[in-house]
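**Student:** Input: one structure, supplied below.
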Amino acid sequence: MAYEQFPDFVTTRGTKLPILNLKGKPYLQVAHRIAWFREDHPTNKIIASAQTSNNDYVLFKAEIFRKDDTLWVTAHKREDQKHFADFIEKAETGSIGRALALIGYGTQFTASEFDEGERLADAPVGQVKNINRDRLLADVYAYVKKMTEATSAETTKTFMLSHGFPSWDDVIKAPTEKIQALSAKLREELRDG
């Protein structure tokens with residue numbers, strides 16, 4: 001199946017990773033998340049194993065270990081045979097993709113994988129604003145790309161540094177409110193630019 005692409009994502013080491021347009025949302029394939037992770041952590045281990053399996057479904061667990069062999073993150077993925085003929089491979093790949101996203105590799109490009117919709121996993125207290133963080137990150141990424149094209153990489157880097165974001169990882173890890181403020185400043189800069 002052919003997908004329209006968003007602009008490529010460029011890692012801090014300069015590797016271009018293609019971002020797919022999956023139902024209007026940016027998506028970084030698991031293979032590319034693994035490549036990005038391996039760039040930063042070439043000796044860390046990723047282990048995926050089937051936890052439950054039968055002819056109808058499989059549940060996989062992925063674990064990522066730090067360089068010193070301590071567990072960094074665990075994630076699970078279940079797939080049903082009725083949805084995919086290759087449901088075992090889908091579950092294995094999905095569990096690895098989720099684990100990588102949990103530690104920041106492709107978090108902003110997981111389409112709706114972490115969107116809980118109306119089925120919240122936790123119990124929010126008080127009023128919750130409905131902010132789609134993935135969409136916000138994708139917008140910021142697009143603004144940064146536009147700014148770089150309109151000016152230069154150095155100008156964009158200086159702008160990002162002046163707003164407290166020395167790297168894309170810092171944007172990903174920032175609180176949503178800080179990302180919203182950055183998005184507004186980028187829009188303003190592009191409009192006034």
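Simple scheme: letters A, B, ... for chains in structure tokens order, numbers from 1 for residues in each chain, numbers from 1 for ligands in the order shown.
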Please identify every residue of range 36-62 of chain A that has at least one atom no farther than 9 Å from an atom of range 94-110 of chain A, counting only C-alpha atoms, and for each give the shortest atom pair and the distance in Å to one decimal, arranged by chain then increasing number, as a tab-separated table.

**Tutor:**
```
residue	atom	partner	partner_atom	distance
A:Trp36	CA	A:Tyr105	CA	7.2
A:Phe37	CA	A:Tyr105	CA	6.6
A:Ile46	CA	A:Ile96	CA	7.6
A:Ile47	CA	A:Ile96	CA	8.2
A:Ala48	CA	A:Ile96	CA	6.9
A:Leu59	CA	A:Ser95	CA	8.8
A:Phe60	CA	A:Ser95	CA	6.1
A:Lys61	CA	A:Ser95	CA	5.9
A:Ala62	CA	A:Ile96	CA	5.3
```

**Student:** Between CA of Val10 in chain A and CA of Ala142 in chain A, what is the distance in Å, rounded to a tenth?

**Tutor:** 11.9 Å

**Student:** Taking the chain letters and numbering used in this document, name the residues of range 6-40 of chain A that DSSP puts in strand (DSSP E or B), as a list of chain:residue names.

**Tutor:**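 These are the residues in question: A:Phe6, A:Pro7, A:Asp8, A:Phe9, A:Val10, A:Lys16, A:Leu17, A:Pro18, A:Ile19, A:Leu20, A:Asn21, A:Leu22, A:Lys25, A:Pro26, A:Tyr27.
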
**Student:** From the list A:Leu28, A:Ile88, A:Leu136, A:Ala75, which residue is nearest Glu177 in chain A when using only C-alpha atoms?

**Tutor:** A:Leu136
